[in-house]
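Everything below belongs to my_file_38.cif, which stores mmCIF, C-alpha atoms.
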```cif
data_protein
#
loop_
_atom_site.group_PDB
_atom_site.id
_atom_site.type_symbol
_atom_site.label_atom_id
_atom_site.label_comp_id
_atom_site.auth_asym_id
_atom_site.auth_seq_id
_atom_site.Cartn_x
_atom_site.Cartn_y
_atom_site.Cartn_z
ATOM 1 C CA SER A 1 0.000 0.000 0.000
ATOM 2 C CA ARG A 2 1.129 3.542 -0.649
ATOM 3 C CA GLY A 3 1.198 6.291 1.947
ATOM 4 C CA LEU A 4 0.321 9.955 1.562
ATOM 5 C CA GLY A 5 3.982 10.753 0.981
ATOM 6 C CA ASP A 6 4.013 8.525 -2.089
ATOM 7 C CA VAL A 7 1.189 10.532 -3.685
ATOM 8 C CA TYR A 8 3.194 13.724 -3.239
ATOM 9 C CA LYS A 9 6.582 12.377 -4.253
ATOM 10 C CA ARG A 10 5.320 11.000 -7.538
ATOM 11 C CA GLN A 11 3.562 14.187 -8.556
ATOM 12 C CA PHE A 12 5.437 17.103 -7.017
ATOM 13 C CA HIS A 13 8.949 16.269 -5.853
ATOM 14 C CA ASP A 14 12.092 14.866 -7.329
ATOM 15 C CA ASP A 15 12.986 11.382 -6.147
ATOM 16 C CA ASP A 16 16.158 11.342 -8.196
ATOM 17 C CA LEU A 17 18.798 13.634 -9.661
ATOM 18 C CA GLN A 18 17.490 13.434 -13.229
ATOM 19 C CA ARG A 19 16.060 16.947 -13.545
ATOM 20 C CA MET A 20 18.825 18.839 -11.741
ATOM 21 C CA CYS A 21 21.900 16.690 -12.443
ATOM 22 C CA SER A 22 20.964 14.456 -15.410
ATOM 23 C CA SER A 23 21.366 11.303 -13.332
ATOM 24 C CA PRO A 24 18.828 8.622 -12.416
ATOM 25 C CA LEU A 25 20.416 8.282 -8.934
ATOM 26 C CA VAL A 26 17.664 7.986 -6.291
ATOM 27 C CA ILE A 27 18.332 10.611 -3.632
ATOM 28 C CA GLU A 28 17.170 8.638 -0.571
ATOM 29 C CA GLN A 29 19.396 5.715 -1.567
ATOM 30 C CA ALA A 30 22.514 7.851 -2.030
ATOM 31 C CA THR A 31 25.185 8.866 0.434
ATOM 32 C CA TYR A 32 26.231 12.486 0.654
ATOM 33 C CA ALA A 33 29.588 11.523 -0.890
ATOM 34 C CA GLN A 34 27.732 10.077 -3.898
ATOM 35 C CA LEU A 35 25.629 13.232 -4.229
ATOM 36 C CA GLN A 36 28.799 15.328 -4.258
ATOM 37 C CA GLU A 37 29.884 13.653 -7.504
ATOM 38 C CA TYR A 38 27.248 15.648 -9.423
ATOM 39 C CA ASN A 39 27.030 19.282 -10.488
ATOM 40 C CA LEU A 40 23.756 21.192 -10.262
ATOM 41 C CA GLY A 41 22.502 21.937 -13.755
ATOM 42 C CA GLU A 42 25.121 23.442 -16.037
ATOM 43 C CA THR A 43 27.176 24.802 -13.125
ATOM 44 C CA PHE A 44 30.120 23.557 -11.103
ATOM 45 C CA GLU A 45 28.073 23.922 -7.909
ATOM 46 C CA LYS A 46 27.505 20.841 -5.768
ATOM 47 C CA ILE A 47 24.432 19.888 -3.743
ATOM 48 C CA PRO A 48 24.860 21.663 -0.382
ATOM 49 C CA LEU A 49 23.918 20.368 3.032
ATOM 50 C CA PHE A 50 21.060 22.250 4.684
ATOM 51 C CA SER A 51 23.508 23.403 7.377
ATOM 52 C CA GLN A 52 25.676 24.933 4.644
ATOM 53 C CA VAL A 53 22.694 26.775 3.173
ATOM 54 C CA LEU A 54 21.781 28.156 6.605
ATOM 55 C CA ALA A 55 25.352 29.345 7.191
ATOM 56 C CA GLN A 56 25.426 30.988 3.768
ATOM 57 C CA VAL A 57 22.149 32.909 4.136
ATOM 58 C CA ASN A 58 22.784 33.625 7.855
ATOM 59 C CA GLY A 59 19.719 35.476 9.095
ATOM 60 C CA VAL A 60 17.784 35.973 5.847
ATOM 61 C CA PRO A 61 14.076 35.143 6.363
ATOM 62 C CA LEU A 62 13.377 31.645 5.017
ATOM 63 C CA ILE A 63 10.508 29.518 3.836
ATOM 64 C CA VAL A 64 11.676 25.947 4.490
ATOM 65 C CA GLU A 65 9.733 23.330 2.547
ATOM 66 C CA ILE A 66 10.035 19.796 3.843
ATOM 67 C CA LYS A 67 9.410 17.227 1.131
ATOM 68 C CA SER A 68 7.450 14.082 1.858
ATOM 69 C CA THR A 69 9.482 11.237 3.260
ATOM 70 C CA GLU A 70 8.931 7.936 4.964
ATOM 71 C CA ARG A 71 11.206 9.177 7.777
ATOM 72 C CA ILE A 72 8.984 11.985 9.061
ATOM 73 C CA GLU A 73 10.089 11.940 12.714
ATOM 74 C CA ARG A 74 13.785 11.805 11.866
ATOM 75 C CA THR A 75 13.519 14.478 9.168
ATOM 76 C CA CYS A 76 11.490 16.893 11.298
ATOM 77 C CA LEU A 77 13.837 16.471 14.263
ATOM 78 C CA LYS A 78 16.878 17.129 12.087
ATOM 79 C CA VAL A 79 15.351 20.178 10.380
ATOM 80 C CA TYR A 80 14.310 21.618 13.749
ATOM 81 C CA ASP A 81 17.722 20.895 15.248
ATOM 82 C CA LEU A 82 19.389 22.791 12.389
ATOM 83 C CA LEU A 83 16.934 25.712 12.587
ATOM 84 C CA ARG A 84 16.841 25.945 16.397
ATOM 85 C CA ASN A 85 19.572 28.601 16.546
ATOM 86 C CA TYR A 86 19.043 30.182 13.141
ATOM 87 C CA PRO A 87 19.327 33.966 13.621
ATOM 88 C CA GLY A 88 16.574 34.883 11.132
ATOM 89 C CA ASP A 89 12.838 34.356 10.854
ATOM 90 C CA TYR A 90 11.573 31.221 9.162
ATOM 91 C CA CYS A 91 8.475 29.159 8.591
ATOM 92 C CA ILE A 92 8.010 25.506 7.717
ATOM 93 C CA GLU A 93 5.875 24.436 4.754
ATOM 94 C CA SER A 94 4.942 21.029 3.444
ATOM 95 C CA MET A 95 2.329 19.337 1.321
ATOM 96 C CA ASN A 96 2.420 16.446 3.779
ATOM 97 C CA PRO A 97 -0.001 17.108 6.673
ATOM 98 C CA LEU A 98 1.873 14.550 8.794
ATOM 99 C CA ILE A 99 4.968 16.753 8.684
ATOM 100 C CA MET A 100 2.899 19.800 9.624
ATOM 101 C CA GLY A 101 1.282 17.731 12.376
ATOM 102 C CA TRP A 102 4.693 16.837 13.813
ATOM 103 C CA PHE A 103 5.573 20.526 14.132
ATOM 104 C CA ALA A 104 2.113 21.376 15.531
ATOM 105 C CA LYS A 105 2.579 18.761 18.244
ATOM 106 C CA ASN A 106 6.299 19.115 19.012
ATOM 107 C CA GLU A 107 7.218 22.709 18.133
ATOM 108 C CA PRO A 108 3.923 24.635 17.970
ATOM 109 C CA GLN A 109 5.672 28.016 18.171
ATOM 110 C CA ILE A 110 7.080 27.539 14.669
ATOM 111 C CA MET A 111 5.014 29.137 11.897
ATOM 112 C CA ARG A 112 3.515 26.366 9.710
ATOM 113 C CA GLY A 113 2.142 26.575 6.200
ATOM 114 C CA GLN A 114 0.170 23.809 4.551
ATOM 115 C CA LEU A 115 0.866 23.573 0.824
ATOM 116 C CA ALA A 116 -2.164 22.340 -1.089
ATOM 117 C CA THR A 117 -3.567 21.960 -4.563
ATOM 118 C CA HIS A 118 -5.993 19.824 -6.492
ATOM 119 C CA ILE A 119 -4.291 16.490 -7.130
ATOM 120 C CA PRO A 120 -5.578 14.500 -10.117
ATOM 121 C CA SER A 121 -6.513 10.933 -9.180
ATOM 122 C CA LYS A 122 -5.902 9.412 -12.632
ATOM 123 C CA GLY A 123 -8.747 6.913 -12.198
ATOM 124 C CA ASN A 124 -7.321 5.059 -9.160
ATOM 125 C CA PRO A 125 -10.034 4.906 -6.412
ATOM 126 C CA LEU A 126 -7.484 4.896 -3.551
ATOM 127 C CA THR A 127 -5.627 7.813 -5.095
ATOM 128 C CA ALA A 128 -8.956 9.584 -5.702
ATOM 129 C CA ILE A 129 -9.788 9.427 -1.980
ATOM 130 C CA SER A 130 -6.293 10.619 -0.995
ATOM 131 C CA SER A 131 -6.383 13.332 -3.650
ATOM 132 C CA ALA A 132 -9.761 14.626 -2.494
ATOM 133 C CA ALA A 133 -8.685 14.632 1.154
ATOM 134 C CA LEU A 134 -5.348 16.322 0.482
ATOM 135 C CA GLY A 135 -6.591 18.805 -2.090
ATOM 136 C CA GLY A 136 -9.577 19.515 0.138
ATOM 137 C CA MET A 137 -7.299 20.204 3.096
ATOM 138 C CA MET A 138 -9.233 17.692 5.211
ATOM 139 C CA PHE A 139 -6.137 16.839 7.272
ATOM 140 C CA ASN A 140 -5.686 20.433 8.472
ATOM 141 C CA ILE A 141 -7.523 19.467 11.660
ATOM 142 C CA LEU A 142 -4.376 17.471 12.494
ATOM 143 C CA SER A 143 -1.720 19.712 10.986
ATOM 144 C CA LYS A 144 -3.159 22.976 12.363
ATOM 145 C CA PRO A 145 -1.405 25.230 9.841
ATOM 146 C CA HIS A 146 -1.046 28.955 10.456
ATOM 147 C CA PHE A 147 -1.603 29.549 6.754
ATOM 148 C CA ILE A 148 -2.427 27.651 3.576
ATOM 149 C CA ALA A 149 -0.538 28.134 0.332
ATOM 150 C CA TYR A 150 -2.924 26.812 -2.330
ATOM 151 C CA ASP A 151 -2.011 26.509 -5.996
ATOM 152 C CA HIS A 152 -5.151 28.202 -7.304
ATOM 153 C CA ARG A 153 -4.408 27.378 -10.964
ATOM 154 C CA PHE A 154 -6.169 24.052 -10.395
ATOM 155 C CA ALA A 155 -8.892 25.389 -8.105
ATOM 156 C CA GLN A 156 -11.785 25.058 -10.535
ATOM 157 C CA ASP A 157 -12.167 21.426 -9.382
ATOM 158 C CA SER A 158 -11.827 22.138 -5.663
ATOM 159 C CA HIS A 159 -14.930 22.632 -3.546
ATOM 160 C CA SER A 160 -12.739 23.394 -0.524
ATOM 161 C CA PHE A 161 -10.963 26.191 -2.355
ATOM 162 C CA SER A 162 -14.273 27.643 -3.518
ATOM 163 C CA PHE A 163 -15.633 27.447 0.030
ATOM 164 C CA CYS A 164 -12.554 29.187 1.474
ATOM 165 C CA LYS A 165 -12.769 31.887 -1.212
ATOM 166 C CA SER A 166 -16.470 32.463 -0.486
ATOM 167 C CA CYS A 167 -15.541 32.978 3.183
ATOM 168 C CA GLY A 168 -13.139 35.776 2.243
ATOM 169 C CA ALA A 169 -9.838 33.911 1.897
#
```
What does the file become when written as structure tokens?
Amino acid sequence: SRGLGDVYKRQFHDDDLQRMCSSPLVIEQATYAQLQEYNLGETFEKIPLFSQVLAQVNGVPLIVEIKSTERIERTCLKVYDLLRNYPGDYCIESMNPLIMGWFAKNEPQIMRGQLATHIPSKGNPLTAISSAALGGMMFNILSKPHFIAYDHRFAQDSHSFSFCKSCGA
């Protein structure tokens, strides 16, 4: 069976280095040393660690998007640990309500944004249910986001988006 993260990863996020580095290497199966063998796009730049990015931007306000993963607890703990002493403002965003829920439960003081959009189901009944629930923001009761970032380009099929808009959103 596939989890909510699988729906997101297939449709919104890169699982491999194909798009950015022209390699089919699967990111979650690679070591950092393996990732360092590749250049980003047509540059000589390498894939930085998140800690390196934070040191480089040092205090600039950030929107940190956490991609779906099967290792939610570990990922959220690591991201929070790295951001704990960051000198600038930041918020956490994710399409995965379980990630937002982790921050709501464990670090509620951190600003959270639920990313959402209409997700096509492509005829699969299980995916259709997940798509309707995710696109309809039905998990926000658990994730308790401070704000919702909704890709309105696909809103014509979303009753939830229409309802929110009619309420003044």
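Neighbours of Asn106 in chain A closer than or equal to 12 Å, with all atoms listed in the file counted and sequence neighbours fewer than 3 positions away skipped, come out as Glu73, Cys76, Leu77, Tyr80, Ile99, Met100, Gly101, Trp102, Phe103, Gln109, Ile110 and Ser143 of chain A.
Evaluated against the shown file, the PyMOL selection byres ((chain A and resi 16-25) around 9) gives Asp14, Asp15, Val26, Ile27, Glu28, Gln29, Ala30, Leu35, Tyr38, Asn39, Leu40, Gly41 and Glu42 of chain A.
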To one decimal place in Å, what is the distance between CA of Asp89 in chain A and CA of Ser68 in chain A?
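Separation of CA of Asp89 in chain A and CA of Ser68 in chain A: 22.8 Å.
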Would you kindly return, as a list in words, each protein, DNA or RNA residue with an atom no farther than 12 Å from any atom of Ala104 in chain A, considering only C-alpha atoms and excluding same-chain residues fewer than 6 positions away?
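Skipping anything fewer than 6 positions along the chain leaves Cys76, Ile92, Glu93, Pro97, Leu98, Ile110, Met111, Arg112, Gly113, Gln114, Asn140, Ile141, Leu142, Ser143, Lys144, Pro145 and His146 of chain A.
Across the model, the gap from CA of Leu115 in chain A to CA of Ala149 in chain A is 4.8 Å.
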Determine the axis-aligned bounding box of all atoms of range 15-33 of chain A present in the file, pad each side by 6 Å, and express its centre and edge lengths in Å to one decimal place as JSON.
```
{"center_x": 21.3, "center_y": 12.3, "center_z": -7.4, "size_x": 28.6, "size_y": 25.1, "size_z": 28.1}
```
If you count only C-alpha atoms, the residue of A:Cys91, A:Ala33, A:Ile47, A:Leu82 closest to Ile63 in chain A turns out to be A:Cys91
Can you work out the spacing between CA of Pro61 in chain A and CA of Arg84 in chain A in Å, to one decimal?
13.9 Å
Check the smallest atom-to-atom distance from each of A:Leu49, A:Tyr90, A:Glu107, A:Asn96 to Thr31 in chain A using only C-alpha atoms, then report the winner.
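Among the listed residues, A:Leu49 lies closest to Thr31 in chain A.
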